[in-house]
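Undergrad: What follows is structure_21.cif; its format and atoms are mmCIF, C-alpha atoms.
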```
data_model
#
loop_
_atom_site.label_atom_id
_atom_site.label_comp_id
_atom_site.auth_asym_id
_atom_site.auth_seq_id
_atom_site.Cartn_x
_atom_site.Cartn_y
_atom_site.Cartn_z
CA MET A 821 86.32 92.26 104.48
CA GLU A 822 85.32 89.32 106.64
CA LEU A 823 88.11 87.80 108.70
CA ARG A 824 88.77 84.08 108.71
CA SER A 825 87.72 82.22 111.82
CA GLY A 826 90.52 82.18 114.39
CA VAL A 827 92.34 85.23 113.04
CA ARG A 828 93.50 87.39 115.94
CA VAL A 829 92.41 91.03 115.60
CA PRO A 830 94.72 93.54 117.31
CA LYS A 831 93.01 95.68 119.94
CA TYR A 832 94.07 98.91 118.23
CA TRP A 833 92.34 97.73 115.04
CA THR A 834 89.05 97.31 116.90
CA VAL A 835 89.44 100.81 118.34
CA LYS A 836 90.28 102.18 114.89
CA GLN A 837 87.13 100.68 113.34
CA ALA A 838 85.00 102.14 116.14
CA LEU A 839 86.58 105.55 115.59
CA LEU A 840 85.93 105.25 111.84
CA ASP A 841 82.25 104.75 112.62
CA GLN A 842 82.37 107.90 114.73
CA VAL A 843 84.07 109.80 111.89
CA ALA A 844 81.44 108.61 109.39
CA ALA A 845 78.60 109.72 111.67
CA GLY A 846 80.18 113.03 112.66
CA ARG A 847 80.89 116.34 111.00
CA PRO A 848 84.30 117.71 110.00
CA GLY A 849 85.77 119.78 112.80
CA THR A 850 84.08 117.78 115.57
CA ALA A 851 86.48 117.07 118.44
CA LEU A 852 87.16 113.52 119.56
CA PRO A 853 87.24 112.65 123.26
CA THR A 854 90.69 112.69 124.84
CA GLU A 855 92.96 109.65 124.64
CA ARG A 856 92.29 108.99 128.33
CA GLU A 857 88.53 109.07 127.80
CA LEU A 858 88.77 106.79 124.77
CA ALA A 859 91.02 104.37 126.65
CA GLU A 860 88.41 104.14 129.40
CA ARG A 861 85.59 103.70 126.87
CA PHE A 862 87.34 100.84 125.07
CA ALA A 863 88.92 99.34 128.20
CA THR A 864 92.41 99.55 126.76
CA SER A 865 95.61 101.53 127.12
CA ARG A 866 96.26 105.07 125.89
CA THR A 867 99.10 103.62 123.79
CA THR A 868 96.59 101.45 121.91
CA VAL A 869 94.25 104.40 121.40
CA ARG A 870 97.15 106.56 120.20
CA GLN A 871 98.14 103.93 117.60
CA ALA A 872 94.58 103.86 116.21
CA ILE A 873 94.40 107.65 116.08
CA THR A 874 97.84 107.94 114.47
CA GLU A 875 96.80 105.66 111.62
CA LEU A 876 93.63 107.68 111.04
CA VAL A 877 95.62 110.91 111.02
CA THR A 878 98.02 109.38 108.49
CA GLU A 879 95.05 108.33 106.32
CA GLY A 880 93.62 111.85 106.47
CA ARG A 881 90.47 110.91 108.41
CA LEU A 882 91.48 112.83 111.55
CA HIS A 883 93.77 115.76 112.22
CA ARG A 884 95.61 116.83 115.34
CA THR A 885 96.10 120.36 116.59
CA GLN A 886 98.99 120.73 119.00
CA GLY A 887 97.73 121.69 122.43
CA SER A 888 94.09 121.52 121.34
CA GLY A 889 93.05 118.00 120.44
CA THR A 890 92.06 115.61 117.66
CA TYR A 891 89.29 116.44 115.21
CA ILE A 892 87.38 114.86 112.34
CA ALA A 893 89.14 116.03 109.19
CA GLU A 894 87.62 117.69 106.17
CA PRO A 895 87.49 115.30 103.19
CA GLN A 896 90.63 116.19 101.25
CA ARG A 897 91.43 113.29 98.99
CA VAL A 898 92.31 114.32 95.46
CA GLU A 899 91.67 112.07 92.46
CA VAL A 900 93.72 112.39 89.29
CA GLN A 901 93.38 110.55 86.00
CA GLN A 902 96.10 109.10 83.81
CA LEU A 903 95.78 111.10 80.60
CA THR A 904 94.90 114.46 82.09
CA SER A 905 96.77 117.06 84.09
CA PHE A 906 96.04 118.36 87.58
CA THR A 907 94.65 121.52 86.06
CA GLU A 908 92.29 119.63 83.75
CA ASP A 909 91.13 117.30 86.54
CA LEU A 910 90.54 119.89 89.25
CA GLY A 911 90.30 123.25 87.49
CA PRO A 912 92.69 126.22 87.49
CA ASP A 913 91.03 127.80 90.54
CA ARG A 914 92.10 124.88 92.75
CA VAL A 915 95.52 124.08 91.33
CA ALA A 916 98.77 125.99 91.64
CA ASP A 917 102.46 125.20 91.24
CA ARG A 918 105.51 126.34 93.12
CA ILE A 919 108.32 126.08 90.61
CA LEU A 920 111.52 124.94 92.27
CA ASP A 921 113.73 124.86 89.19
CA VAL A 922 113.69 124.80 85.38
CA ARG A 923 117.07 123.78 84.03
CA THR A 924 118.93 121.54 81.60
CA GLU A 925 121.09 118.56 82.44
CA PRO A 926 122.70 115.61 80.61
CA ALA A 927 120.62 112.43 80.41
CA ASP A 928 121.78 109.54 82.54
CA ALA A 929 121.57 106.01 81.17
CA ASP A 930 118.14 105.16 82.65
CA THR A 931 116.51 108.41 81.54
CA ALA A 932 118.10 108.17 78.09
CA GLY A 933 116.68 104.68 77.68
CA ALA A 934 113.20 105.81 78.72
CA LEU A 935 113.15 108.86 76.45
CA GLY A 936 114.90 107.22 73.51
CA VAL A 937 117.89 109.57 73.47
CA THR A 938 121.64 109.15 73.80
CA ALA A 939 123.17 109.15 77.28
CA GLY A 940 124.62 112.59 77.91
CA GLU A 941 122.14 114.35 75.61
CA THR A 942 120.77 117.58 77.05
CA LEU A 943 117.36 117.31 78.69
CA HIS A 944 115.00 119.91 80.13
CA VAL A 945 114.13 119.39 83.80
CA VAL A 946 111.13 120.91 85.56
CA GLU A 947 110.93 120.58 89.33
CA ARG A 948 107.83 121.84 91.12
CA VAL A 949 105.53 121.41 94.10
CA ARG A 950 101.92 120.75 93.07
CA LEU A 951 99.38 122.51 95.30
CA VAL A 952 95.65 121.85 95.55
CA ASP A 953 93.48 124.36 97.43
CA GLY A 954 96.69 125.95 98.65
CA ALA A 955 98.08 122.80 100.27
CA PRO A 956 101.05 120.83 98.89
CA LEU A 957 100.06 117.49 97.39
CA ALA A 958 103.07 116.35 95.35
CA VAL A 959 106.68 117.04 94.45
CA GLU A 960 107.29 116.41 90.76
CA THR A 961 110.42 116.21 88.63
CA ALA A 962 109.76 116.00 84.88
CA ARG A 963 112.49 115.30 82.33
CA LEU A 964 111.82 116.26 78.71
CA ALA A 965 113.86 115.65 75.58
CA GLY A 966 114.13 117.80 72.48
CA ASP A 967 114.21 121.50 71.69
CA LEU A 968 111.95 123.49 74.02
CA PRO A 969 112.99 127.14 73.70
CA GLY A 970 111.68 129.45 76.40
CA LEU A 971 110.24 126.59 78.44
CA ALA A 972 110.24 128.44 81.78
CA ALA A 973 108.30 131.40 80.35
CA GLU A 974 105.85 129.22 78.42
CA LEU A 975 105.16 127.13 81.53
CA ALA A 976 104.70 130.21 83.70
CA GLU A 977 102.15 131.56 81.23
CA ARG A 978 100.03 128.39 81.04
CA GLY A 979 100.57 126.65 84.37
CA SER A 980 99.90 123.15 83.03
CA LEU A 981 102.92 121.30 81.67
CA TYR A 982 100.75 119.23 79.33
CA ALA A 983 99.06 122.36 77.96
CA THR A 984 102.48 123.96 77.49
CA LEU A 985 103.85 120.97 75.60
CA ARG A 986 100.73 120.82 73.43
CA ASP A 987 100.14 124.51 72.70
CA ALA A 988 103.70 125.83 72.61
CA TYR A 989 105.57 122.86 71.17
CA GLY A 990 103.01 120.67 69.40
CA ARG A 991 103.53 117.67 71.67
CA GLU A 992 100.30 116.15 72.93
CA VAL A 993 100.28 113.29 75.40
CA ALA A 994 98.21 110.42 74.03
CA GLN A 995 99.33 107.46 76.14
CA VAL A 996 101.06 106.99 79.48
CA ARG A 997 102.53 104.20 81.55
CA ASP A 998 102.59 104.71 85.31
CA SER A 999 104.32 102.63 87.94
CA VAL A 1000 103.24 103.20 91.53
CA GLN A 1001 104.88 102.14 94.77
CA SER A 1002 104.81 103.22 98.40
CA ARG A 1003 107.66 104.92 100.23
CA LEU A 1004 108.30 107.09 103.28
CA ALA A 1005 109.09 110.79 103.08
CA ASP A 1006 112.72 111.79 103.44
CA PRO A 1007 113.51 115.09 105.22
CA ALA A 1008 113.58 117.17 102.02
CA GLU A 1009 110.27 115.74 100.76
CA ALA A 1010 108.70 116.16 104.18
CA GLU A 1011 109.61 119.84 104.27
CA LEU A 1012 108.20 120.50 100.80
CA LEU A 1013 104.98 118.58 101.49
CA ASP A 1014 104.47 119.93 105.03
CA VAL A 1015 104.48 116.49 106.64
CA GLU A 1016 106.69 114.64 109.10
CA THR A 1017 109.75 112.70 107.95
CA GLY A 1018 108.60 109.12 107.45
CA HIS A 1019 105.09 110.13 106.37
CA PRO A 1020 103.60 107.62 103.86
CA LEU A 1021 103.95 108.71 100.24
CA LEU A 1022 103.12 107.27 96.85
CA LEU A 1023 105.94 107.31 94.33
CA VAL A 1024 104.68 107.49 90.74
CA ARG A 1025 106.96 107.17 87.75
CA ARG A 1026 105.37 108.17 84.45
CA LEU A 1027 106.51 107.68 80.88
CA SER A 1028 104.25 109.37 78.34
CA HIS A 1029 104.14 109.26 74.54
CA THR A 1030 102.51 111.05 71.65
CA ALA A 1031 99.98 109.21 69.48
CA ASP A 1032 102.76 108.17 67.08
CA GLY A 1033 104.85 106.70 69.90
CA ARG A 1034 107.37 109.48 70.52
CA PRO A 1035 108.38 109.78 74.20
CA VAL A 1036 107.23 113.06 75.75
CA GLU A 1037 108.13 113.01 79.43
CA TRP A 1038 109.79 110.85 82.05
CA THR A 1039 108.48 112.06 85.40
CA ARG A 1040 109.02 111.15 89.03
CA SER A 1041 106.36 112.36 91.48
CA VAL A 1042 105.87 111.76 95.19
CA TYR A 1043 102.33 112.29 96.50
CA ARG A 1044 101.05 112.61 100.03
CA GLY A 1045 99.48 109.25 100.78
CA ASP A 1046 96.78 110.78 102.99
CA ARG A 1047 95.44 113.09 100.28
CA PHE A 1048 95.92 111.33 96.97
CA THR A 1049 93.90 108.79 95.01
CA PHE A 1050 95.26 107.49 91.71
CA VAL A 1051 92.56 106.52 89.21
CA ALA A 1052 93.34 104.27 86.24
CA SER A 1053 90.92 102.90 83.68
CA THR A 1054 91.33 100.72 80.62
CA HIS A 1055 89.32 98.76 78.08
CA ARG A 1056 89.85 95.48 76.33
CA VAL A 1057 90.81 95.79 72.68
CA ARG A 1058 89.05 93.09 70.61
#
```
Translate this file's structure into structure tokens.
TA:
Amino acid sequence: MELRSGVRVPKYWTVKQALLDQVAAGRPGTALPTERELAERFATSRTTVRQAITELVTEGRLHRTQGSGTYIAEPQRVEVQQLTSFTEDLGPDRVADRILDVRTEPADADTAGALGVTAGETLHVVERVRLVDGAPLAVETARLAGDLPGLAAELAERGSLYATLRDAYGREVAQVRDSVQSRLADPAEAELLDVETGHPLLLVRRLSHTADGRPVEWTRSVYRGDRFTFVASTHRVR
């Protein structure tokens, strides 16, 4: 993007763009010069260099190893679609879940409104950590209405929640509505996602329906902002 004439560009931003060029030209695993060396190269302070590096680490372009240095990161961004599951998008060899809990609970007013049930009605809740290539990518809490006998066992057998709903209970997701916003990781999320408290996350709330308009799931997911790309597509109906 071209900046307007007269717009002041912070020094760290200039350093960051130069480091991005170095990342693009280099290979994953290549070590960067030290902060002191970079500060001398760019005629700036180590604090400025550290700010540029920190942003690139947060964005997943660099990674730090304590006591060793800063390195060009392996490309790790994961793209997911709207109407498919992790397993369908990436394949069962790359995707795994760590189930935190499968339980029932009464619907609160907001969830009842989303799922078209009465407040206090019993819902099924599935909490899990979504892993890609062995690394945690998201923490997901799905709330499901209706009779789902043996849900924990059916989910354990299939892995994919969408496949479980379709094959075991005859509920196939045909349309979804996602809302996405940014947030910072709280201590519990940070521990589950193996990041620092305050790490940038994307909060995605999903309401899905069957083809005939019946609500299927009301899900809250938090994704690591440095590893996740959300892909949405649509078409104009004439």
Undergrad: Mind telling me what the PyMOL selection byres ((chain A and resi 864-880) around 10) catches here, as an MDAnalysis selection string?
TA: chainID A and resid 830:840 843 852 854:863 881:884 890:897 1015 1019:1020 1044:1048
Undergrad: Give me the result of the PyMOL selection byres ((chain A and resi 1029-1033) around 9) on this file, residue by residue, as a short mmCIF file (atom, residue, chain, number, x, y, z; two decimals) with C-alpha atoms, in the coordinates of the input.
TA:
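File produced: part16.cif:
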```cif
data_model
loop_
_atom_site.label_atom_id
_atom_site.label_comp_id
_atom_site.auth_asym_id
_atom_site.auth_seq_id
_atom_site.Cartn_x
_atom_site.Cartn_y
_atom_site.Cartn_z
CA ARG A 991 103.53 117.67 71.67
CA GLU A 992 100.30 116.15 72.93
CA VAL A 993 100.28 113.29 75.40
CA ALA A 994 98.21 110.42 74.03
CA GLN A 995 99.33 107.46 76.14
CA VAL A 996 101.06 106.99 79.48
CA ARG A 997 102.53 104.20 81.55
CA LEU A 1027 106.51 107.68 80.88
CA SER A 1028 104.25 109.37 78.34
CA ARG A 1034 107.37 109.48 70.52
CA PRO A 1035 108.38 109.78 74.20
CA VAL A 1036 107.23 113.06 75.75
CA GLU A 1037 108.13 113.01 79.43
#
```
Undergrad: Can you measure CA of Ala955 (chain A) to CA of Asp841 (chain A) for me? One decimal in Å is fine.
TA: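 Here the two named atoms are 27.0 Å from each other.
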Undergrad: Written as a compact mmCIF listing (two decimals) with C-alpha atoms, in the coordinates of the input, which residues does the PyMOL selection byres ((chain A and resi 934-947) around 8) give for the file shown?
TA:
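Output (selection35.txt):
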```
# COMPACT_ATOMS: atom_id res chain seq x y z
CA ILE A 919 108.32 126.08 90.61
CA LEU A 920 111.52 124.94 92.27
CA ASP A 921 113.73 124.86 89.19
CA VAL A 922 113.69 124.80 85.38
CA ARG A 923 117.07 123.78 84.03
CA THR A 924 118.93 121.54 81.60
CA GLU A 925 121.09 118.56 82.44
CA PRO A 926 122.70 115.61 80.61
CA ALA A 927 120.62 112.43 80.41
CA ASP A 928 121.78 109.54 82.54
CA ALA A 929 121.57 106.01 81.17
CA ASP A 930 118.14 105.16 82.65
CA THR A 931 116.51 108.41 81.54
CA ALA A 932 118.10 108.17 78.09
CA GLY A 933 116.68 104.68 77.68
CA ARG A 948 107.83 121.84 91.12
CA VAL A 949 105.53 121.41 94.10
CA VAL A 959 106.68 117.04 94.45
CA GLU A 960 107.29 116.41 90.76
CA THR A 961 110.42 116.21 88.63
CA ALA A 962 109.76 116.00 84.88
CA ARG A 963 112.49 115.30 82.33
CA LEU A 964 111.82 116.26 78.71
CA ALA A 965 113.86 115.65 75.58
CA GLY A 966 114.13 117.80 72.48
CA LEU A 968 111.95 123.49 74.02
CA LEU A 1027 106.51 107.68 80.88
CA PRO A 1035 108.38 109.78 74.20
CA VAL A 1036 107.23 113.06 75.75
CA GLU A 1037 108.13 113.01 79.43
CA TRP A 1038 109.79 110.85 82.05
```
Undergrad: Figure out the distance between CA of Ala1010 (chain A) and CA of Thr984 (chain A), please, to one decimal in Å.
TA: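 Computed distance, CA of Thr984 (chain A) to CA of Ala1010 (chain A), equals 28.5 Å.
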Undergrad: How many Å lie between CA of Asp917 (chain A) and CA of Gly1018 (chain A), rounded to one decimal?
TA: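 Rounded to one decimal, the two atoms are 23.6 Å apart.
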Undergrad: As JSON, numbers by chain, please: the residues near Arg950 (chain A) (cut-off 7 Å, all atoms listed in the file, same-chain neighbours under 5 positions excluded).
TA: {"A": [916, 917, 918, 956, 957, 958, 959]}
Undergrad: Using all atoms listed in the file, which of the listed residues (A:Gly970, A:Val952, A:Leu981, A:Pro848) sits closest to Leu1013 (chain A)?
TA: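 Ranking A:Gly970, A:Val952, A:Leu981, A:Pro848 by distance to Leu1013 (chain A), first place goes to A:Val952.
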